[in-house]
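Chemist: As input, take model-v2.cif (mmCIF, C-alpha atoms and all ligand atoms; chains and numbers go by the auth columns):
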```cif
data_entry
loop_
_atom_site.group_PDB
_atom_site.id
_atom_site.type_symbol
_atom_site.label_atom_id
_atom_site.label_comp_id
_atom_site.label_asym_id
_atom_site.label_seq_id
_atom_site.Cartn_x
_atom_site.Cartn_y
_atom_site.Cartn_z
_atom_site.B_iso_or_equiv
_atom_site.auth_seq_id
_atom_site.auth_asym_id
ATOM 1 C CA MET A 1 -54.192 -74.878 -132.747 0.00 1 L
ATOM 2 C CA VAL A 2 -57.508 -76.348 -133.843 0.00 2 L
ATOM 3 C CA ILE A 3 -60.735 -76.242 -131.854 0.00 3 L
ATOM 4 C CA ALA A 4 -63.462 -78.666 -132.943 0.00 4 L
ATOM 5 C CA LEU A 5 -67.109 -78.254 -131.959 0.00 5 L
ATOM 6 C CA ASP A 6 -69.642 -80.886 -132.920 0.00 6 L
ATOM 7 C CA GLY A 7 -73.232 -81.431 -131.936 0.00 7 L
ATOM 8 C CA PRO A 8 -76.820 -81.461 -133.109 0.00 8 L
ATOM 9 C CA ALA A 9 -78.749 -78.564 -134.644 0.00 9 L
ATOM 10 C CA ALA A 10 -79.353 -75.532 -132.402 0.00 10 L
ATOM 11 C CA SER A 11 -77.212 -76.938 -129.576 0.00 11 L
ATOM 12 C CA GLY A 12 -75.316 -73.652 -129.346 0.00 12 L
ATOM 13 C CA LYS A 13 -72.158 -74.879 -131.084 0.00 13 L
ATOM 14 C CA GLY A 14 -72.293 -72.207 -133.790 0.00 14 L
ATOM 15 C CA THR A 15 -72.649 -69.347 -131.312 0.00 15 L
ATOM 16 C CA LEU A 16 -69.875 -70.800 -129.168 0.00 16 L
ATOM 17 C CA ALA A 17 -67.636 -71.249 -132.201 0.00 17 L
ATOM 18 C CA ARG A 18 -68.095 -67.578 -133.120 0.00 18 L
ATOM 19 C CA LEU A 19 -67.388 -66.362 -129.579 0.00 19 L
ATOM 20 C CA ILE A 20 -64.321 -68.595 -129.247 0.00 20 L
ATOM 21 C CA SER A 21 -62.916 -67.507 -132.601 0.00 21 L
ATOM 22 C CA THR A 22 -63.331 -63.818 -131.731 0.00 22 L
ATOM 23 C CA HIS A 23 -61.904 -64.205 -128.225 0.00 23 L
ATOM 24 C CA TYR A 24 -58.761 -66.088 -129.302 0.00 24 L
ATOM 25 C CA GLY A 25 -58.394 -64.359 -132.691 0.00 25 L
ATOM 26 C CA PHE A 26 -58.822 -67.608 -134.635 0.00 26 L
ATOM 27 C CA ALA A 27 -60.460 -68.148 -138.010 0.00 27 L
ATOM 28 C CA HIS A 28 -63.906 -69.781 -137.931 0.00 28 L
ATOM 29 C CA LEU A 29 -65.462 -72.235 -140.371 0.00 29 L
ATOM 30 C CA ASP A 30 -69.114 -73.203 -139.948 0.00 30 L
ATOM 31 C CA THR A 31 -68.946 -76.462 -141.901 0.00 31 L
ATOM 32 C CA GLY A 32 -72.752 -76.773 -142.036 0.00 32 L
ATOM 33 C CA THR A 33 -72.569 -73.883 -144.524 0.00 33 L
ATOM 34 C CA LEU A 34 -70.808 -76.181 -146.990 0.00 34 L
ATOM 35 C CA TYR A 35 -73.511 -78.859 -146.847 0.00 35 L
ATOM 36 C CA ARG A 36 -76.240 -76.209 -146.921 0.00 36 L
ATOM 37 C CA GLY A 37 -74.525 -74.631 -149.936 0.00 37 L
ATOM 38 C CA VAL A 38 -74.458 -77.908 -151.830 0.00 38 L
ATOM 39 C CA ALA A 39 -78.121 -78.522 -150.925 0.00 39 L
ATOM 40 C CA TRP A 40 -79.048 -75.013 -152.046 0.00 40 L
ATOM 41 C CA ILE A 41 -77.407 -75.559 -155.435 0.00 41 L
ATOM 42 C CA VAL A 42 -79.213 -78.887 -155.901 0.00 42 L
ATOM 43 C CA LEU A 43 -82.577 -77.337 -154.941 0.00 43 L
ATOM 44 C CA SER A 44 -81.992 -74.335 -157.204 0.00 44 L
ATOM 45 C CA GLU A 45 -81.509 -76.793 -160.093 0.00 45 L
ATOM 46 C CA ASN A 46 -84.899 -78.297 -159.162 0.00 46 L
ATOM 47 C CA ALA A 47 -83.142 -81.595 -158.531 0.00 47 L
ATOM 48 C CA ASP A 48 -83.715 -84.132 -155.764 0.00 48 L
ATOM 49 C CA PRO A 49 -81.089 -83.892 -152.944 0.00 49 L
ATOM 50 C CA ALA A 50 -81.162 -87.712 -152.754 0.00 50 L
ATOM 51 C CA GLU A 51 -79.863 -87.983 -156.322 0.00 51 L
ATOM 52 C CA VAL A 52 -76.340 -89.159 -155.638 0.00 52 L
ATOM 53 C CA LYS A 53 -74.655 -87.945 -158.801 0.00 53 L
ATOM 54 C CA VAL A 54 -76.303 -84.510 -158.905 0.00 54 L
ATOM 55 C CA ALA A 55 -75.313 -83.793 -155.307 0.00 55 L
ATOM 56 C CA ALA A 56 -71.786 -85.123 -155.833 0.00 56 L
ATOM 57 C CA ASP A 57 -71.293 -82.869 -158.893 0.00 57 L
ATOM 58 C CA ALA A 58 -72.586 -79.874 -156.954 0.00 58 L
ATOM 59 C CA ALA A 59 -70.110 -80.643 -154.147 0.00 59 L
ATOM 60 C CA ARG A 60 -67.171 -81.050 -156.513 0.00 60 L
ATOM 61 C CA ASN A 61 -67.890 -77.709 -158.217 0.00 61 L
ATOM 62 C CA PHE A 62 -68.720 -75.965 -154.978 0.00 62 L
ATOM 63 C CA GLU A 63 -67.150 -72.603 -154.179 0.00 63 L
ATOM 64 C CA ILE A 64 -68.044 -70.946 -150.898 0.00 64 L
ATOM 65 C CA GLU A 65 -67.827 -67.465 -152.489 0.00 65 L
ATOM 66 C CA LYS A 66 -70.753 -68.277 -154.765 0.00 66 L
ATOM 67 C CA LEU A 67 -73.107 -68.373 -151.786 0.00 67 L
ATOM 68 C CA ALA A 68 -72.969 -64.621 -151.143 0.00 68 L
ATOM 69 C CA ASN A 69 -76.679 -64.010 -151.711 0.00 69 L
ATOM 70 C CA ALA A 70 -78.050 -67.513 -151.214 0.00 70 L
ATOM 71 C CA ASP A 71 -80.663 -67.998 -148.520 0.00 71 L
ATOM 72 C CA ILE A 72 -79.206 -71.141 -146.980 0.00 72 L
ATOM 73 C CA ARG A 73 -80.691 -70.750 -143.470 0.00 73 L
ATOM 74 C CA THR A 74 -84.200 -71.957 -144.294 0.00 74 L
ATOM 75 C CA LYS A 75 -85.613 -75.177 -142.918 0.00 75 L
ATOM 76 C CA GLU A 76 -85.959 -76.634 -146.433 0.00 76 L
ATOM 77 C CA VAL A 77 -82.254 -76.133 -147.084 0.00 77 L
ATOM 78 C CA GLY A 78 -81.410 -77.592 -143.642 0.00 78 L
ATOM 79 C CA ALA A 79 -83.407 -80.727 -144.357 0.00 79 L
ATOM 80 C CA ALA A 80 -81.900 -81.090 -147.852 0.00 80 L
ATOM 81 C CA ALA A 81 -78.420 -80.501 -146.359 0.00 81 L
ATOM 82 C CA SER A 82 -78.768 -83.527 -144.128 0.00 82 L
ATOM 83 C CA VAL A 83 -79.790 -85.596 -147.166 0.00 83 L
ATOM 84 C CA VAL A 84 -76.790 -84.552 -149.301 0.00 84 L
ATOM 85 C CA ALA A 85 -74.561 -84.946 -146.214 0.00 85 L
ATOM 86 C CA ALA A 86 -75.305 -88.678 -146.132 0.00 86 L
ATOM 87 C CA ASN A 87 -73.767 -89.000 -149.615 0.00 87 L
ATOM 88 C CA PRO A 88 -70.127 -90.199 -149.235 0.00 88 L
ATOM 89 C CA GLU A 89 -69.079 -88.522 -152.500 0.00 89 L
ATOM 90 C CA VAL A 90 -70.346 -85.186 -151.201 0.00 90 L
ATOM 91 C CA ARG A 91 -68.450 -85.638 -147.928 0.00 91 L
ATOM 92 C CA ALA A 92 -65.266 -86.638 -149.749 0.00 92 L
ATOM 93 C CA ALA A 93 -65.466 -83.590 -152.034 0.00 93 L
ATOM 94 C CA LEU A 94 -65.784 -81.210 -149.050 0.00 94 L
ATOM 95 C CA LEU A 95 -63.169 -82.824 -146.824 0.00 95 L
ATOM 96 C CA ASP A 96 -60.074 -81.323 -148.359 0.00 96 L
ATOM 97 C CA PHE A 97 -61.313 -77.737 -148.072 0.00 97 L
ATOM 98 C CA GLN A 98 -62.098 -78.243 -144.361 0.00 98 L
ATOM 99 C CA ARG A 99 -58.731 -79.831 -143.597 0.00 99 L
ATOM 100 C CA ARG A 100 -56.866 -77.083 -145.436 0.00 100 L
ATOM 101 C CA PHE A 101 -58.803 -74.459 -143.500 0.00 101 L
ATOM 102 C CA ALA A 102 -57.811 -76.138 -140.218 0.00 102 L
ATOM 103 C CA LYS A 103 -54.169 -76.514 -141.192 0.00 103 L
ATOM 104 C CA SER A 104 -53.649 -73.105 -142.815 0.00 104 L
ATOM 105 C CA PRO A 105 -56.396 -70.793 -141.613 0.00 105 L
ATOM 106 C CA PRO A 106 -57.042 -67.659 -143.678 0.00 106 L
ATOM 107 C CA ASN A 107 -55.187 -64.476 -142.663 0.00 107 L
ATOM 108 C CA ASN A 108 -52.520 -66.563 -140.944 0.00 108 L
ATOM 109 C CA THR A 109 -54.400 -66.648 -137.665 0.00 109 L
ATOM 110 C CA ALA A 110 -52.785 -68.738 -134.923 0.00 110 L
ATOM 111 C CA GLY A 111 -55.657 -71.183 -134.912 0.00 111 L
ATOM 112 C CA ALA A 112 -58.915 -72.345 -136.437 0.00 112 L
ATOM 113 C CA VAL A 113 -62.316 -73.119 -134.984 0.00 113 L
ATOM 114 C CA LEU A 114 -64.482 -75.544 -136.957 0.00 114 L
ATOM 115 C CA ASP A 115 -68.016 -76.503 -136.036 0.00 115 L
ATOM 116 C CA GLY A 116 -70.110 -79.301 -137.503 0.00 116 L
ATOM 117 C CA ARG A 117 -70.969 -82.955 -136.888 0.00 117 L
ATOM 118 C CA ASP A 118 -67.762 -84.882 -137.638 0.00 118 L
ATOM 119 C CA ILE A 119 -64.954 -82.424 -136.950 0.00 119 L
ATOM 120 C CA GLY A 120 -63.506 -84.175 -133.902 0.00 120 L
ATOM 121 C CA THR A 121 -64.042 -87.653 -135.351 0.00 121 L
ATOM 122 C CA VAL A 122 -63.164 -87.345 -139.059 0.00 122 L
ATOM 123 C CA VAL A 123 -62.112 -83.902 -140.293 0.00 123 L
ATOM 124 C CA CYS A 124 -59.669 -83.041 -137.499 0.00 124 L
ATOM 125 C CA PRO A 125 -59.146 -86.121 -135.320 0.00 125 L
ATOM 126 C CA ASP A 126 -55.987 -84.455 -133.934 0.00 126 L
ATOM 127 C CA ALA A 127 -57.714 -81.198 -132.939 0.00 127 L
ATOM 128 C CA THR A 128 -56.162 -79.523 -129.899 0.00 128 L
ATOM 129 C CA VAL A 129 -59.496 -79.219 -128.117 0.00 129 L
ATOM 130 C CA LYS A 130 -62.776 -80.983 -128.945 0.00 130 L
ATOM 131 C CA PHE A 131 -66.242 -80.197 -127.696 0.00 131 L
ATOM 132 C CA PHE A 132 -69.471 -82.082 -128.190 0.00 132 L
ATOM 133 C CA VAL A 133 -72.214 -79.553 -127.533 0.00 133 L
ATOM 134 C CA THR A 134 -75.710 -80.769 -126.711 0.00 134 L
ATOM 135 C CA ALA A 135 -79.000 -79.503 -125.292 0.00 135 L
ATOM 136 C CA SER A 136 -82.389 -81.119 -124.814 0.00 136 L
ATOM 137 C CA PRO A 137 -84.461 -81.350 -128.005 0.00 137 L
ATOM 138 C CA GLU A 138 -87.146 -79.081 -126.468 0.00 138 L
ATOM 139 C CA THR A 139 -84.571 -76.400 -125.691 0.00 139 L
ATOM 140 C CA ARG A 140 -83.063 -76.636 -129.144 0.00 140 L
ATOM 141 C CA ALA A 141 -86.427 -76.426 -130.876 0.00 141 L
ATOM 142 C CA HIS A 142 -87.332 -73.374 -128.796 0.00 142 L
ATOM 143 C CA ARG A 143 -84.059 -71.625 -129.657 0.00 143 L
ATOM 144 C CA ARG A 144 -84.500 -72.334 -133.363 0.00 144 L
ATOM 145 C CA TRP A 145 -88.110 -71.127 -133.188 0.00 145 L
ATOM 146 C CA LEU A 146 -86.988 -67.850 -131.600 0.00 146 L
ATOM 147 C CA GLU A 147 -84.386 -67.378 -134.339 0.00 147 L
ATOM 148 C CA LEU A 148 -86.874 -68.094 -137.109 0.00 148 L
ATOM 149 C CA VAL A 149 -89.603 -65.947 -135.571 0.00 149 L
ATOM 150 C CA GLU A 150 -87.207 -63.023 -135.530 0.00 150 L
ATOM 151 C CA GLY A 151 -86.879 -63.617 -139.246 0.00 151 L
ATOM 152 C CA ARG A 152 -90.711 -63.450 -139.334 0.00 152 L
ATOM 153 C CA SER A 153 -91.209 -67.121 -140.033 0.00 153 L
ATOM 154 C CA GLU A 154 -94.667 -68.415 -139.168 0.00 154 L
ATOM 155 C CA LEU A 155 -93.456 -71.884 -138.327 0.00 155 L
ATOM 156 C CA GLU A 156 -94.921 -73.658 -135.317 0.00 156 L
ATOM 157 C CA GLU A 157 -92.519 -74.726 -132.590 0.00 157 L
ATOM 158 C CA ALA A 158 -93.910 -78.292 -132.756 0.00 158 L
ATOM 159 C CA GLU A 159 -93.051 -78.498 -136.441 0.00 159 L
ATOM 160 C CA ILE A 160 -89.517 -77.256 -135.815 0.00 160 L
ATOM 161 C CA TYR A 161 -89.152 -79.826 -133.037 0.00 161 L
ATOM 162 C CA LYS A 162 -90.187 -82.608 -135.406 0.00 162 L
ATOM 163 C CA ASP A 163 -87.828 -81.402 -138.157 0.00 163 L
ATOM 164 C CA LEU A 164 -84.883 -81.158 -135.756 0.00 164 L
ATOM 165 C CA LEU A 165 -85.393 -84.693 -134.502 0.00 165 L
ATOM 166 C CA GLU A 166 -85.674 -86.020 -138.050 0.00 166 L
ATOM 167 C CA ARG A 167 -82.509 -84.248 -139.113 0.00 167 L
ATOM 168 C CA ASP A 168 -80.577 -85.375 -136.014 0.00 168 L
ATOM 169 C CA ALA A 169 -81.691 -88.972 -136.550 0.00 169 L
ATOM 170 C CA ARG A 170 -80.514 -88.857 -140.169 0.00 170 L
ATOM 171 C CA ASP A 171 -77.193 -87.245 -139.171 0.00 171 L
ATOM 172 C CA ALA A 172 -76.554 -89.782 -136.402 0.00 172 L
ATOM 173 C CA ALA A 173 -77.630 -92.860 -138.386 0.00 173 L
ATOM 174 C CA ARG A 174 -75.734 -92.374 -141.646 0.00 174 L
ATOM 175 C CA ASP A 175 -72.831 -94.754 -142.361 0.00 175 L
ATOM 176 C CA ASP A 176 -70.292 -92.170 -143.462 0.00 176 L
ATOM 177 C CA ALA A 177 -69.037 -89.828 -140.723 0.00 177 L
ATOM 178 C CA PRO A 178 -72.175 -89.891 -138.554 0.00 178 L
ATOM 179 C CA MET A 179 -72.681 -87.186 -135.947 0.00 179 L
ATOM 180 C CA ALA A 180 -70.859 -88.472 -132.878 0.00 180 L
ATOM 181 C CA ALA A 181 -68.833 -87.298 -129.931 0.00 181 L
ATOM 182 C CA ALA A 182 -65.141 -88.152 -130.268 0.00 182 L
ATOM 183 C CA ALA A 183 -63.901 -90.325 -127.387 0.00 183 L
ATOM 184 C CA ASP A 184 -61.714 -87.431 -126.214 0.00 184 L
ATOM 185 C CA ALA A 185 -64.346 -84.673 -126.597 0.00 185 L
ATOM 186 C CA GLU A 186 -65.513 -82.519 -123.695 0.00 186 L
ATOM 187 C CA LEU A 187 -69.279 -82.826 -123.366 0.00 187 L
ATOM 188 C CA LEU A 188 -70.977 -79.471 -122.952 0.00 188 L
ATOM 189 C CA ASP A 189 -74.704 -79.597 -122.224 0.00 189 L
ATOM 190 C CA THR A 190 -76.100 -76.097 -122.726 0.00 190 L
ATOM 191 C CA THR A 191 -79.724 -76.900 -121.783 0.00 191 L
ATOM 192 C CA HIS A 192 -79.574 -74.847 -118.596 0.00 192 L
ATOM 193 C CA LEU A 193 -76.711 -72.544 -119.529 0.00 193 L
ATOM 194 C CA SER A 194 -76.868 -68.969 -120.790 0.00 194 L
ATOM 195 C CA ILE A 195 -74.597 -68.174 -123.726 0.00 195 L
ATOM 196 C CA ASP A 196 -72.211 -66.400 -121.335 0.00 196 L
ATOM 197 C CA ALA A 197 -72.082 -69.399 -119.001 0.00 197 L
ATOM 198 C CA ALA A 198 -71.509 -71.850 -121.859 0.00 198 L
ATOM 199 C CA PHE A 199 -68.764 -69.637 -123.281 0.00 199 L
ATOM 200 C CA ALA A 200 -67.102 -69.362 -119.843 0.00 200 L
ATOM 201 C CA ALA A 201 -67.187 -73.170 -119.497 0.00 201 L
ATOM 202 C CA ALA A 202 -65.615 -73.584 -122.940 0.00 202 L
ATOM 203 C CA ARG A 203 -62.881 -71.034 -122.132 0.00 203 L
ATOM 204 C CA ARG A 204 -62.028 -72.885 -118.925 0.00 204 L
ATOM 205 C CA VAL A 205 -61.500 -76.067 -120.923 0.00 205 L
ATOM 206 C CA ILE A 206 -59.443 -74.369 -123.649 0.00 206 L
ATOM 207 C CA ASP A 207 -57.298 -72.401 -121.181 0.00 207 L
ATOM 208 C CA GLY A 208 -56.716 -75.574 -119.186 0.00 208 L
ATOM 209 C CA ILE A 209 -55.477 -77.498 -122.207 0.00 209 L
ATOM 210 C CA VAL A 210 -53.306 -74.949 -124.043 0.00 210 L
HETATM 211 O O1 LIG B . -75.073 -77.129 -138.717 0.00 301 U
HETATM 212 P P1 LIG B . -76.113 -76.991 -139.802 0.00 301 U
HETATM 213 O O2 LIG B . -77.505 -77.102 -139.293 0.00 301 U
HETATM 214 O O3 LIG B . -75.919 -75.784 -140.640 0.00 301 U
HETATM 215 O O4 LIG B . -75.838 -78.247 -140.758 0.00 301 U
HETATM 216 C C1 LIG B . -76.716 -78.598 -141.800 0.00 301 U
HETATM 217 C C2 LIG B . -76.534 -80.083 -142.107 0.00 301 U
HETATM 218 O O5 LIG B . -75.244 -80.307 -142.678 0.00 301 U
HETATM 219 C C3 LIG B . -76.573 -81.018 -140.894 0.00 301 U
HETATM 220 O O6 LIG B . -77.892 -81.418 -140.551 0.00 301 U
HETATM 221 C C4 LIG B . -75.726 -82.191 -141.343 0.00 301 U
HETATM 222 O O7 LIG B . -76.482 -83.118 -142.075 0.00 301 U
HETATM 223 C C5 LIG B . -74.729 -81.572 -142.297 0.00 301 U
HETATM 224 N N1 LIG B . -73.390 -81.448 -141.715 0.00 301 U
HETATM 225 C C6 LIG B . -72.587 -82.567 -141.702 0.00 301 U
HETATM 226 N N2 LIG B . -71.299 -82.488 -141.250 0.00 301 U
HETATM 227 C C7 LIG B . -70.813 -81.331 -140.800 0.00 301 U
HETATM 228 C C8 LIG B . -71.640 -80.160 -140.762 0.00 301 U
HETATM 229 C C9 LIG B . -72.932 -80.267 -141.225 0.00 301 U
HETATM 230 O O8 LIG B . -73.008 -83.643 -142.093 0.00 301 U
HETATM 231 N N3 LIG B . -69.535 -81.271 -140.383 0.00 301 U
#
```
How does this structure look as structure tokens?

Modeler:
Amino acid sequence: MVIALDGPAASGKGTLARLISTHYGFAHLDTGTLYRGVAWIVLSENADPAEVKVAADAARNFEIEKLANADIRTKEVGAAASVVAANPEVRAALLDFQRRFAKSPPNNTAGAVLDGRDIGTVVCPDATVKFFVTASPETRAHRRWLELVEGRSELEEAEIYKDLLERDARDAARDDAPMAAAADAELLDTTHLSIDAAFAAARRVIDGIV
């Protein structure tokens, strides 16, 4: 049983993925972590994320365990992640790990939940249930601002809004595995939904399919 959640930044897909995985007892993989990890390695080598070979090498040598103390949630790492994510060699190097996670989730759980941009379209086209989670850009920027402010960031909401739109445009426009809703994905617009309401809507879909 594989549940795929795709969608733009701060749409709520990560929170939903966590709630779904806990509720059903499935393993969860936040695939953005992989791209952020590769970007973090490239930045920590003082290299340019757009350098194709450097990013590809970082992806091929990537081990998720090495990220234990890395601060991958910053806006710089997010922006660099969407640059390395447009590199087909980076995507190819990370694909196998994601597919293996979906097929044989850790701890022998009965299912896996993966969230990202291309799970329903490329990584797990045969997923049992697919969601494409969206929200208005204003709502997403506000949510991200609240998250960052809690972490004492001094970023302006307008700047976050601009960064989100730039990142989404890059993710949707790239040639290799662009962010897209699979034809058979359930669209879930969380703009006017609380987390509880969005989670309830997702459960109704999952329980109706399985
Ligand atoms: O979801 P998150 O914001 O952590 O993702 C960071 C970046 O990683 C995204 O902007 C996107 O460029 C890339 N990504 C991707 N494919 C995925 C997950 C993330 O290209 N499945």

Chemist: Selection in question (the file shown): the PyMOL selection byres (((chain L and resi 101-109) around 8) and not hetatm). Which residues does it include, as a ChimeraX atom specification?

Modeler: /L:2,25-27,29,97-100,110-114,124

Chemist: Return the single residue from L:Lys53, L:Arg117, L:Arg204, L:Lys75 that is closest to L:Leu5, with distances computed using all atoms listed in the file.

Modeler: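 Counting all atoms listed in the file, the residue closest to L:Leu5 is L:Arg117.
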
Chemist: May I ask which of the residues L:Asp175, L:Glu138, L:Asp118, L:Asp96 is the closest one to ligand LIG 301 (chain U), counting all atoms listed in the file?

Modeler: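 Comparing L:Asp175, L:Glu138, L:Asp118, L:Asp96 against ligand LIG 301 (chain U), the winner is L:Asp118.
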
Chemist: Restricting the calculation to all atoms listed in the file: of L:Leu155, L:Ala181, L:Met1, L:Ala202, which residue gets closest to L:Thr74?

Modeler: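 The answer is L:Leu155, which sits nearest to L:Thr74.
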
Chemist: If we count only C-alpha atoms and set the cut-off at 9 Å, which residues sit around L:Ser136, ignoring sequence neighbours fewer than 2 positions away in its own chain? Please answer as an MDAnalysis selection string.

Modeler: chainID L and resid 11 134 138:141 189:191

Chemist: List as a PyMOL selection string the protein and nucleic acid residues lying within 7 Å of ligand LIG 301 (chain U), with all atoms listed in the file counted.

Modeler: chain L and resi 9+31-33+35-36+78-79+81-83+85-86+115-119+167-168+171

Chemist: For the selection just defined, write its residues with C-alpha atoms to a file, as a PDB file, in the coordinates of the input.

Modeler:
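Dumped to part.pdb:
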```pdb
ATOM      1  CA  ALA L   9     -78.749 -78.564-134.644  1.00  0.00           C
ATOM      2  CA  THR L  31     -68.946 -76.462-141.901  1.00  0.00           C
ATOM      3  CA  GLY L  32     -72.752 -76.773-142.036  1.00  0.00           C
ATOM      4  CA  THR L  33     -72.569 -73.883-144.524  1.00  0.00           C
ATOM      5  CA  TYR L  35     -73.511 -78.859-146.847  1.00  0.00           C
ATOM      6  CA  ARG L  36     -76.240 -76.209-146.921  1.00  0.00           C
ATOM      7  CA  GLY L  78     -81.410 -77.592-143.642  1.00  0.00           C
ATOM      8  CA  ALA L  79     -83.407 -80.727-144.357  1.00  0.00           C
ATOM      9  CA  ALA L  81     -78.420 -80.501-146.359  1.00  0.00           C
ATOM     10  CA  SER L  82     -78.768 -83.527-144.128  1.00  0.00           C
ATOM     11  CA  VAL L  83     -79.790 -85.596-147.166  1.00  0.00           C
ATOM     12  CA  ALA L  85     -74.561 -84.946-146.214  1.00  0.00           C
ATOM     13  CA  ALA L  86     -75.305 -88.678-146.132  1.00  0.00           C
ATOM     14  CA  ASP L 115     -68.016 -76.503-136.036  1.00  0.00           C
ATOM     15  CA  GLY L 116     -70.110 -79.301-137.503  1.00  0.00           C
ATOM     16  CA  ARG L 117     -70.969 -82.955-136.888  1.00  0.00           C
ATOM     17  CA  ASP L 118     -67.762 -84.882-137.638  1.00  0.00           C
ATOM     18  CA  ILE L 119     -64.954 -82.424-136.950  1.00  0.00           C
ATOM     19  CA  ARG L 167     -82.509 -84.248-139.113  1.00  0.00           C
ATOM     20  CA  ASP L 168     -80.577 -85.375-136.014  1.00  0.00           C
ATOM     21  CA  ASP L 171     -77.193 -87.245-139.171  1.00  0.00           C
TER      22      ASP L 171
END
```

Chemist: Quick one: distance from atom CA of L:Arg91 to atom CA of L:Ile160 in Å, one decimal?

Modeler: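 Computing the Euclidean distance for atom CA of L:Arg91 and atom CA of L:Ile160 yields 25.7 Å.
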
Chemist: Starting from the PyMOL selection byres (((chain L and resi 129) around 8) and not hetatm), expand the selection into actual residues of this file and give them as a list in words.

Modeler: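 Taken on the displayed file, the PyMOL selection byres (((chain L and resi 129) around 8) and not hetatm) yields the residues Val2, Ile3, Ala4, Ala127, Thr128, Lys130, Phe131, Ala185, Ile206 and Ile209 of chain L.
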
Chemist: Could you tell me how far atom CA of L:Ala180 sits from atom CA of L:Gly120, in Å to one decimal place?

Modeler: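 If I compute the distance from atom CA of L:Gly120 to atom CA of L:Ala180, I get 8.6 Å.
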